[in-house]
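Engineer: So here's final_18.cif (mmCIF, N, CA and C atoms).
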data_coords
loop_
_atom_site.group_PDB
_atom_site.id
_atom_site.type_symbol
_atom_site.label_atom_id
_atom_site.label_comp_id
_atom_site.auth_asym_id
_atom_site.auth_seq_id
_atom_site.Cartn_x
_atom_site.Cartn_y
_atom_site.Cartn_z
ATOM 1 N N LEU A 1 104.303 90.771 101.117
ATOM 2 C CA LEU A 1 103.340 90.990 102.185
ATOM 3 C C LEU A 1 104.040 91.144 103.528
ATOM 4 N N VAL A 2 105.165 90.465 103.672
ATOM 5 C CA VAL A 2 105.962 90.632 104.888
ATOM 6 C C VAL A 2 106.487 92.059 104.948
ATOM 7 N N GLU A 3 106.933 92.575 103.801
ATOM 8 C CA GLU A 3 107.420 93.953 103.758
ATOM 9 C C GLU A 3 106.301 94.925 104.131
ATOM 10 N N LYS A 4 105.108 94.678 103.637
ATOM 11 C CA LYS A 4 103.978 95.543 103.965
ATOM 12 C C LYS A 4 103.691 95.489 105.461
ATOM 13 N N ALA A 5 103.713 94.309 106.025
ATOM 14 C CA ALA A 5 103.465 94.150 107.458
ATOM 15 C C ALA A 5 104.529 94.846 108.287
ATOM 16 N N ASP A 6 105.734 94.937 107.747
ATOM 17 C CA ASP A 6 106.829 95.618 108.438
ATOM 18 C C ASP A 6 106.870 97.111 108.112
ATOM 19 N N ALA A 7 105.770 97.633 107.593
ATOM 20 C CA ALA A 7 105.638 99.058 107.256
ATOM 21 C C ALA A 7 106.646 99.493 106.196
ATOM 22 N N ARG A 8 106.855 98.635 105.212
ATOM 23 C CA ARG A 8 107.738 98.966 104.091
ATOM 24 C C ARG A 8 106.984 98.742 102.779
ATOM 25 N N PRO A 9 105.955 99.561 102.526
ATOM 26 C CA PRO A 9 105.130 99.334 101.330
ATOM 27 C C PRO A 9 105.893 99.494 100.022
ATOM 28 N N ALA A 10 106.870 100.391 99.965
ATOM 29 C CA ALA A 10 107.627 100.564 98.720
ATOM 30 C C ALA A 10 108.397 99.290 98.381
ATOM 31 N N GLN A 11 108.974 98.658 99.386
ATOM 32 C CA GLN A 11 109.690 97.403 99.150
ATOM 33 C C GLN A 11 108.712 96.303 98.743
ATOM 34 N N ALA A 12 107.537 96.301 99.359
ATOM 35 C CA ALA A 12 106.526 95.314 98.994
ATOM 36 C C ALA A 12 106.124 95.491 97.540
ATOM 37 N N GLN A 13 105.914 96.734 97.107
ATOM 38 C CA GLN A 13 105.569 97.004 95.711
ATOM 39 C C GLN A 13 106.674 96.520 94.782
ATOM 40 N N ASP A 14 107.902 96.834 95.121
ATOM 41 C CA ASP A 14 109.033 96.419 94.283
ATOM 42 C C ASP A 14 109.090 94.903 94.126
ATOM 43 N N LEU A 15 108.909 94.182 95.226
ATOM 44 C CA LEU A 15 108.965 92.721 95.160
ATOM 45 C C LEU A 15 107.811 92.148 94.347
ATOM 46 N N LEU A 16 106.621 92.699 94.527
ATOM 47 C CA LEU A 16 105.479 92.215 93.755
ATOM 48 C C LEU A 16 105.661 92.506 92.264
ATOM 49 N N LEU A 17 106.170 93.681 91.941
ATOM 50 C CA LEU A 17 106.425 94.007 90.536
ATOM 51 C C LEU A 17 107.481 93.082 89.940
ATOM 52 N N LYS A 18 108.496 92.783 90.724
ATOM 53 C CA LYS A 18 109.529 91.851 90.259
ATOM 54 C C LYS A 18 108.916 90.466 90.014
ATOM 55 N N GLY A 19 108.064 90.033 90.918
ATOM 56 C CA GLY A 19 107.392 88.748 90.749
ATOM 57 C C GLY A 19 106.522 88.716 89.497
ATOM 58 N N LEU A 20 105.836 89.833 89.227
ATOM 59 C CA LEU A 20 105.013 89.895 88.025
ATOM 60 C C LEU A 20 105.861 89.876 86.758
ATOM 61 N N GLY A 21 107.123 90.294 86.880
ATOM 62 C CA GLY A 21 108.032 90.185 85.744
ATOM 63 C C GLY A 21 108.255 88.732 85.354
ATOM 64 N N TYR A 22 108.184 87.845 86.323
ATOM 65 C CA TYR A 22 108.353 86.412 86.064
ATOM 66 C C TYR A 22 107.035 85.733 85.722
ATOM 67 N N GLN A 23 105.957 86.195 86.352
ATOM 68 C CA GLN A 23 104.648 85.586 86.133
ATOM 69 C C GLN A 23 103.593 86.695 86.056
ATOM 70 N N PRO A 24 103.465 87.336 84.889
ATOM 71 C CA PRO A 24 102.576 88.491 84.749
ATOM 72 C C PRO A 24 101.087 88.183 84.899
ATOM 73 N N THR A 25 100.741 86.925 84.902
ATOM 74 C CA THR A 25 99.329 86.553 85.032
ATOM 75 C C THR A 25 98.946 86.170 86.464
ATOM 76 N N HIS A 26 99.804 86.455 87.428
ATOM 77 C CA HIS A 26 99.536 86.088 88.817
ATOM 78 C C HIS A 26 98.498 87.050 89.411
ATOM 79 N N ALA A 27 97.276 86.594 89.477
ATOM 80 C CA ALA A 27 96.154 87.438 89.891
ATOM 81 C C ALA A 27 96.346 88.031 91.284
ATOM 82 N N VAL A 28 96.775 87.230 92.231
ATOM 83 C CA VAL A 28 96.887 87.704 93.616
ATOM 84 C C VAL A 28 97.983 88.766 93.757
ATOM 85 N N ALA A 29 99.041 88.663 92.978
ATOM 86 C CA ALA A 29 100.069 89.709 93.002
ATOM 87 C C ALA A 29 99.475 91.025 92.506
ATOM 88 N N HIS A 30 98.666 90.966 91.458
ATOM 89 C CA HIS A 30 97.998 92.177 90.972
ATOM 90 C C HIS A 30 97.062 92.735 92.033
ATOM 91 N N TYR A 31 96.333 91.866 92.693
ATOM 92 C CA TYR A 31 95.419 92.315 93.754
ATOM 93 C C TYR A 31 96.188 93.029 94.861
ATOM 94 N N ASN A 32 97.262 92.429 95.315
ATOM 95 C CA ASN A 32 98.037 93.029 96.399
ATOM 96 C C ASN A 32 98.680 94.343 95.981
ATOM 97 N N LEU A 33 99.122 94.442 94.741
ATOM 98 C CA LEU A 33 99.633 95.722 94.242
ATOM 99 C C LEU A 33 98.513 96.757 94.205
ATOM 100 N N GLY A 34 97.338 96.332 93.799
ATOM 101 C CA GLY A 34 96.190 97.240 93.819
ATOM 102 C C GLY A 34 95.948 97.792 95.211
ATOM 103 N N LEU A 35 95.998 96.925 96.203
ATOM 104 C CA LEU A 35 95.819 97.376 97.597
ATOM 105 C C LEU A 35 96.891 98.373 98.003
ATOM 106 N N LEU A 36 98.140 98.058 97.688
ATOM 107 C CA LEU A 36 99.242 98.950 98.064
ATOM 108 C C LEU A 36 99.118 100.309 97.388
ATOM 109 N N TYR A 37 98.775 100.303 96.104
ATOM 110 C CA TYR A 37 98.628 101.575 95.403
ATOM 111 C C TYR A 37 97.416 102.350 95.927
ATOM 112 N N GLU A 38 96.353 101.639 96.246
ATOM 113 C CA GLU A 38 95.176 102.313 96.811
ATOM 114 C C GLU A 38 95.522 102.958 98.146
ATOM 115 N N GLU A 39 96.264 102.255 98.977
ATOM 116 C CA GLU A 39 96.656 102.791 100.284
ATOM 117 C C GLU A 39 97.556 104.011 100.148
ATOM 118 N N SER A 40 98.330 104.085 99.063
ATOM 119 C CA SER A 40 99.205 105.235 98.861
ATOM 120 C C SER A 40 98.521 106.310 98.009
ATOM 121 N N ASP A 41 97.228 106.157 97.795
ATOM 122 C CA ASP A 41 96.397 107.115 97.059
ATOM 123 C C ASP A 41 96.805 107.269 95.601
ATOM 124 N N ASN A 42 97.342 106.202 95.015
ATOM 125 C CA ASN A 42 97.655 106.186 93.591
ATOM 126 C C ASN A 42 96.521 105.421 92.910
ATOM 127 N N ARG A 43 95.425 106.127 92.704
ATOM 128 C CA ARG A 43 94.198 105.492 92.209
ATOM 129 C C ARG A 43 94.365 104.855 90.833
ATOM 130 N N ALA A 44 95.050 105.542 89.938
ATOM 131 C CA ALA A 44 95.191 105.023 88.572
ATOM 132 C C ALA A 44 95.926 103.687 88.566
ATOM 133 N N ARG A 45 97.023 103.612 89.298
ATOM 134 C CA ARG A 45 97.775 102.348 89.349
ATOM 135 C C ARG A 45 96.972 101.269 90.060
ATOM 136 N N ALA A 46 96.236 101.653 91.101
ATOM 137 C CA ALA A 46 95.396 100.685 91.805
ATOM 138 C C ALA A 46 94.368 100.088 90.852
ATOM 139 N N VAL A 47 93.685 100.946 90.102
ATOM 140 C CA VAL A 47 92.675 100.467 89.153
ATOM 141 C C VAL A 47 93.313 99.556 88.113
ATOM 142 N N ASP A 48 94.481 99.927 87.619
ATOM 143 C CA ASP A 48 95.169 99.085 86.628
ATOM 144 C C ASP A 48 95.409 97.678 87.166
ATOM 145 N N HIS A 49 95.904 97.585 88.394
ATOM 146 C CA HIS A 49 96.217 96.261 88.944
ATOM 147 C C HIS A 49 94.954 95.509 89.355
ATOM 148 N N TYR A 50 93.946 96.216 89.825
ATOM 149 C CA TYR A 50 92.680 95.527 90.107
ATOM 150 C C TYR A 50 92.079 94.973 88.820
ATOM 151 N N ALA A 51 92.182 95.728 87.721
ATOM 152 C CA ALA A 51 91.668 95.243 86.435
ATOM 153 C C ALA A 51 92.443 94.002 85.981
ATOM 154 N N GLU A 52 93.747 94.009 86.188
ATOM 155 C CA GLU A 52 94.552 92.829 85.847
ATOM 156 C C GLU A 52 94.166 91.646 86.732
ATOM 157 N N PHE A 53 93.880 91.899 87.987
ATOM 158 C CA PHE A 53 93.408 90.830 88.873
ATOM 159 C C PHE A 53 92.156 90.192 88.278
ATOM 160 N N LEU A 54 91.193 91.030 87.894
ATOM 161 C CA LEU A 54 89.949 90.502 87.337
ATOM 162 C C LEU A 54 90.199 89.728 86.045
ATOM 163 N N LYS A 55 91.153 90.169 85.281
ATOM 164 C CA LYS A 55 91.486 89.509 84.011
ATOM 165 C C LYS A 55 92.007 88.090 84.241
ATOM 166 N N TYR A 56 92.806 87.912 85.281
ATOM 167 C CA TYR A 56 93.478 86.633 85.500
ATOM 168 C C TYR A 56 92.877 85.785 86.630
ATOM 169 N N ALA A 57 92.003 86.347 87.426
ATOM 170 C CA ALA A 57 91.443 85.612 88.563
ATOM 171 C C ALA A 57 90.479 84.537 88.075
ATOM 172 N N GLY A 58 90.432 83.472 88.830
ATOM 173 C CA GLY A 58 89.532 82.380 88.515
ATOM 174 C C GLY A 58 88.435 82.267 89.553
ATOM 175 N N PRO A 59 87.589 81.264 89.398
ATOM 176 C CA PRO A 59 86.466 81.081 90.324
ATOM 177 C C PRO A 59 86.906 80.831 91.762
ATOM 178 N N GLU A 60 88.151 80.420 91.942
ATOM 179 C CA GLU A 60 88.644 80.178 93.303
ATOM 180 C C GLU A 60 88.750 81.470 94.114
ATOM 181 N N HIS A 61 88.661 82.605 93.455
ATOM 182 C CA HIS A 61 88.750 83.888 94.160
ATOM 183 C C HIS A 61 87.390 84.383 94.629
ATOM 184 N N GLY A 62 86.344 83.655 94.310
ATOM 185 C CA GLY A 62 85.001 83.861 94.829
ATOM 186 C C GLY A 62 84.559 85.300 95.009
ATOM 187 N N GLY A 63 84.186 85.634 96.260
ATOM 188 C CA GLY A 63 83.646 86.943 96.594
ATOM 189 C C GLY A 63 84.604 88.085 96.361
ATOM 190 N N LEU A 64 85.886 87.790 96.289
ATOM 191 C CA LEU A 64 86.874 88.833 96.056
ATOM 192 C C LEU A 64 86.656 89.493 94.687
ATOM 193 N N LEU A 65 86.121 88.736 93.749
ATOM 194 C CA LEU A 65 85.863 89.278 92.413
ATOM 195 C C LEU A 65 84.895 90.451 92.471
ATOM 196 N N SER A 66 83.792 90.285 93.174
ATOM 197 C CA SER A 66 82.818 91.387 93.263
ATOM 198 C C SER A 66 83.367 92.536 94.102
ATOM 199 N N ASP A 67 84.139 92.225 95.129
ATOM 200 C CA ASP A 67 84.763 93.285 95.935
ATOM 201 C C ASP A 67 85.682 94.145 95.082
ATOM 202 N N VAL A 68 86.465 93.525 94.211
ATOM 203 C CA VAL A 68 87.400 94.257 93.365
ATOM 204 C C VAL A 68 86.637 95.084 92.328
ATOM 205 N N ARG A 69 85.561 94.545 91.799
ATOM 206 C CA ARG A 69 84.747 95.338 90.866
ATOM 207 C C ARG A 69 84.233 96.604 91.547
ATOM 208 N N GLN A 70 83.796 96.467 92.788
ATOM 209 C CA GLN A 70 83.315 97.632 93.536
ATOM 210 C C GLN A 70 84.451 98.615 93.813
ATOM 211 N N LYS A 71 85.629 98.110 94.120
ATOM 212 C CA LYS A 71 86.786 98.980 94.351
ATOM 213 C C LYS A 71 87.096 99.795 93.095
ATOM 214 N N ILE A 72 87.090 99.136 91.951
ATOM 215 C CA ILE A 72 87.372 99.831 90.698
ATOM 216 C C ILE A 72 86.340 100.932 90.470
ATOM 217 N N GLU A 73 85.091 100.599 90.674
ATOM 218 C CA GLU A 73 84.020 101.575 90.484
ATOM 219 C C GLU A 73 84.194 102.782 91.409
ATOM 220 N N SER A 74 84.581 102.545 92.631
ATOM 221 C CA SER A 74 84.726 103.649 93.581
ATOM 222 C C SER A 74 85.984 104.481 93.323
ATOM 223 N N LEU A 75 87.012 103.894 92.729
ATOM 224 C CA LEU A 75 88.263 104.592 92.485
ATOM 225 C C LEU A 75 88.295 105.380 91.184
ATOM 226 N N MET A 76 87.469 104.992 90.242
ATOM 227 C CA MET A 76 87.500 105.657 88.947
ATOM 228 C C MET A 76 86.750 106.982 89.009
ATOM 229 N N PRO A 77 87.300 108.002 88.372
ATOM 230 C CA PRO A 77 86.577 109.278 88.304
ATOM 231 C C PRO A 77 85.274 109.101 87.549
ATOM 232 N N ARG A 78 84.269 109.844 87.924
ATOM 233 C CA ARG A 78 82.952 109.719 87.288
ATOM 234 C C ARG A 78 83.007 109.904 85.779
ATOM 235 N N THR A 79 83.897 110.733 85.304
ATOM 236 C CA THR A 79 83.981 111.000 83.863
ATOM 237 C C THR A 79 84.460 109.779 83.082
ATOM 238 N N LEU A 80 85.136 108.835 83.735
ATOM 239 C CA LEU A 80 85.639 107.657 83.045
ATOM 240 C C LEU A 80 84.733 106.444 83.190
ATOM 241 N N ARG A 81 83.694 106.554 83.957
ATOM 242 C CA ARG A 81 82.801 105.399 84.159
ATOM 243 C C ARG A 81 81.867 105.208 83.002
#
Would it be possible to restate this file's structure as structure tokens?

Structural biologist:
Amino acid sequence: LVEKADARPAQAQDLLLKGLGYQPTHAVAHYNLGLLYEESDNRARAVDHYAEFLKYAGPEHGGLLSDVRQKIESLMPRTLR
């Protein structure tokens, strides 16, 4: 997230992916990767990571769960819905 704040999204993606290599069930890392991929207009990768977020997120993520569901719906092509 520091890399993203410093306008280095590729480095942020690399670090988050490396972190997921150690802990693939880390919901927030998937969420942040989803955001980064969405910002770079890589919809397919964004949807993949948002789906992983939903898979691993718990009740502590509250309203973010419904927000991510809406993001997935808006990012997916109509033919795949």

Engineer: On this structure, which residues satisfy the PyMOL selection byres ((chain A and resi 28-30) around 7), written as a ChimeraX atom specification?

Structural biologist: /A:16,20,25-27,31-35,49-50,52-53,56-57

Engineer: As an exercise, work out the distance from atom C of A:Ser40 to atom CA of A:Gly62 in Å and give it to one decimal place.

Structural biologist: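 That distance, rounded to one decimal, is 26.4 Å.
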
Engineer: One number please: atom CA of A:Ile72 to atom N of A:Gln13, in Å, one decimal.

Structural biologist: 19.9 Å

Engineer: Between atom N of A:Leu17 and atom C of A:Leu75, what is the distance, to one decimal in Å?

Structural biologist: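 Spanning atom N of A:Leu17 to atom C of A:Leu75 is a straight-line distance of 21.4 Å.
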
Engineer: From the list A:Gly58, A:Lys18, A:Lys71, A:Met76, which residue is nearest A:Ala44 when using only C-alpha atoms?

Structural biologist: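 Residue with the minimum atom-to-atom distance to A:Ala44: A:Met76.
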
Engineer: Mind working out the centre and edge lengths of an axis-aligned box for stretch 56-64 of chain A, all listed atoms inside, 8 Å added to each side, rounded to one decimal in Å and written as AutoDock Vina command-line options?

Structural biologist:
--center_x 88.6 --center_y 84.8 --center_z 90.9 --size_x 25.8 --size_y 25.3 --size_z 27.3

Engineer: Which parts of chain A does DSSP call helix (DSSP H, G or I) when run on the backbone here, written out as a PyMOL selection string?

Structural biologist: chain A and resi 2-5+9-22+27-39+43-56+59-61+64-75+78-80

Engineer: Please write a file for stretch 37-52 of chain A, taken from the block I just shared, that holds all heavy atoms and is laid out as a short mmCIF file (atom, residue, chain, number, x, y, z; two decimals), in the first residue's frame.

Structural biologist:
data_model
loop_
_atom_site.label_atom_id
_atom_site.label_comp_id
_atom_site.auth_asym_id
_atom_site.auth_seq_id
_atom_site.Cartn_x
_atom_site.Cartn_y
_atom_site.Cartn_z
N TYR A 37 -5.71 -3.98 -9.80
CA TYR A 37 -6.01 -4.46 -11.15
C TYR A 37 -7.17 -3.68 -11.76
O TYR A 37 -7.16 -3.38 -12.95
CB TYR A 37 -6.30 -5.95 -11.15
CG TYR A 37 -5.05 -6.79 -11.02
CD1 TYR A 37 -4.90 -7.70 -9.99
CD2 TYR A 37 -4.01 -6.66 -11.93
CE1 TYR A 37 -3.76 -8.47 -9.87
CE2 TYR A 37 -2.85 -7.42 -11.81
CZ TYR A 37 -2.74 -8.32 -10.79
OH TYR A 37 -1.60 -9.07 -10.67
N GLU A 38 -8.15 -3.34 -10.95
CA GLU A 38 -9.27 -2.54 -11.46
C GLU A 38 -8.78 -1.18 -11.92
O GLU A 38 -9.17 -0.70 -12.99
CB GLU A 38 -10.34 -2.40 -10.38
CG GLU A 38 -11.58 -1.67 -10.85
CD GLU A 38 -12.66 -1.58 -9.79
OE1 GLU A 38 -12.48 -2.08 -8.66
OE2 GLU A 38 -13.70 -0.97 -10.09
N GLU A 39 -7.91 -0.56 -11.15
CA GLU A 39 -7.38 0.76 -11.51
C GLU A 39 -6.55 0.70 -12.80
O GLU A 39 -6.48 1.69 -13.53
CB GLU A 39 -6.53 1.32 -10.37
CG GLU A 39 -7.36 1.74 -9.18
CD GLU A 39 -6.52 2.13 -7.97
OE1 GLU A 39 -5.27 2.11 -8.06
OE2 GLU A 39 -7.12 2.42 -6.93
N SER A 40 -5.93 -0.45 -13.07
CA SER A 40 -5.14 -0.58 -14.29
C SER A 40 -5.98 -1.17 -15.44
O SER A 40 -5.43 -1.54 -16.47
CB SER A 40 -3.89 -1.42 -14.04
OG SER A 40 -4.25 -2.76 -13.76
N ASP A 41 -7.28 -1.24 -15.24
CA ASP A 41 -8.24 -1.71 -16.24
C ASP A 41 -8.03 -3.17 -16.63
O ASP A 41 -8.31 -3.57 -17.75
CB ASP A 41 -8.23 -0.81 -17.48
CG ASP A 41 -9.57 -0.87 -18.22
OD1 ASP A 41 -10.60 -1.08 -17.56
OD2 ASP A 41 -9.57 -0.73 -19.45
N ASN A 42 -7.53 -3.97 -15.69
CA ASN A 42 -7.40 -5.41 -15.91
C ASN A 42 -8.58 -6.06 -15.18
O ASN A 42 -8.45 -6.57 -14.06
CB ASN A 42 -6.07 -5.92 -15.39
CG ASN A 42 -5.79 -7.35 -15.79
OD1 ASN A 42 -6.71 -8.11 -16.05
ND2 ASN A 42 -4.53 -7.71 -15.82
N ARG A 43 -9.73 -6.02 -15.84
CA ARG A 43 -10.98 -6.45 -15.21
C ARG A 43 -10.97 -7.92 -14.79
O ARG A 43 -11.44 -8.25 -13.71
CB ARG A 43 -12.14 -6.19 -16.16
CG ARG A 43 -12.41 -4.73 -16.38
CD ARG A 43 -13.41 -4.52 -17.51
NE ARG A 43 -13.81 -3.14 -17.54
CZ ARG A 43 -15.04 -2.74 -17.25
NH1 ARG A 43 -15.99 -3.60 -16.98
NH2 ARG A 43 -15.33 -1.45 -17.28
N ALA A 44 -10.43 -8.77 -15.64
CA ALA A 44 -10.45 -10.21 -15.34
C ALA A 44 -9.67 -10.51 -14.06
O ALA A 44 -10.14 -11.25 -13.19
CB ALA A 44 -9.89 -11.00 -16.52
N ARG A 45 -8.48 -9.94 -13.95
CA ARG A 45 -7.67 -10.17 -12.74
C ARG A 45 -8.33 -9.54 -11.52
O ARG A 45 -8.28 -10.09 -10.42
CB ARG A 45 -6.25 -9.61 -12.92
CG ARG A 45 -5.47 -10.16 -14.07
CD ARG A 45 -4.69 -11.45 -13.90
NE ARG A 45 -4.10 -11.80 -12.66
CZ ARG A 45 -2.80 -11.90 -12.44
NH1 ARG A 45 -1.93 -11.58 -13.37
NH2 ARG A 45 -2.36 -12.32 -11.29
N ALA A 46 -8.94 -8.37 -11.71
CA ALA A 46 -9.64 -7.73 -10.59
C ALA A 46 -10.76 -8.62 -10.08
O ALA A 46 -10.87 -8.86 -8.87
CB ALA A 46 -10.19 -6.37 -11.03
N VAL A 47 -11.57 -9.15 -11.00
CA VAL A 47 -12.67 -10.03 -10.60
C VAL A 47 -12.14 -11.26 -9.89
O VAL A 47 -12.69 -11.69 -8.86
CB VAL A 47 -13.54 -10.41 -11.82
CG1 VAL A 47 -14.50 -11.54 -11.50
CG2 VAL A 47 -14.31 -9.18 -12.32
N ASP A 48 -11.06 -11.83 -10.40
CA ASP A 48 -10.47 -13.02 -9.76
C ASP A 48 -10.10 -12.74 -8.30
O ASP A 48 -10.41 -13.53 -7.41
CB ASP A 48 -9.22 -13.49 -10.50
CG ASP A 48 -9.52 -14.12 -11.84
OD1 ASP A 48 -10.69 -14.47 -12.11
OD2 ASP A 48 -8.58 -14.25 -12.64
N HIS A 49 -9.45 -11.61 -8.06
CA HIS A 49 -9.01 -11.31 -6.70
C HIS A 49 -10.17 -10.86 -5.81
O HIS A 49 -10.19 -11.19 -4.61
CB HIS A 49 -7.87 -10.29 -6.71
CG HIS A 49 -6.57 -10.93 -7.09
ND1 HIS A 49 -5.86 -11.75 -6.24
CD2 HIS A 49 -5.89 -10.92 -8.26
CE1 HIS A 49 -4.78 -12.20 -6.86
NE2 HIS A 49 -4.79 -11.72 -8.09
N TYR A 50 -11.14 -10.17 -6.38
CA TYR A 50 -12.33 -9.85 -5.58
C TYR A 50 -13.07 -11.12 -5.19
O TYR A 50 -13.55 -11.24 -4.05
CB TYR A 50 -13.26 -8.91 -6.36
CG TYR A 50 -12.79 -7.49 -6.46
CD1 TYR A 50 -13.03 -6.74 -7.61
CD2 TYR A 50 -12.10 -6.86 -5.42
CE1 TYR A 50 -12.62 -5.42 -7.71
CE2 TYR A 50 -11.68 -5.55 -5.52
CZ TYR A 50 -11.95 -4.83 -6.67
OH TYR A 50 -11.55 -3.52 -6.77
N ALA A 51 -13.14 -12.09 -6.10
CA ALA A 51 -13.80 -13.37 -5.77
C ALA A 51 -13.04 -14.09 -4.66
O ALA A 51 -13.65 -14.69 -3.76
CB ALA A 51 -13.91 -14.24 -7.03
N GLU A 52 -11.72 -14.05 -4.72
CA GLU A 52 -10.92 -14.66 -3.66
C GLU A 52 -11.13 -13.93 -2.33
O GLU A 52 -11.18 -14.55 -1.27
CB GLU A 52 -9.43 -14.67 -4.04
CG GLU A 52 -9.11 -15.63 -5.16
CD GLU A 52 -9.36 -17.09 -4.79
OE1 GLU A 52 -8.76 -17.58 -3.82
OE2 GLU A 52 -10.18 -17.72 -5.48
#
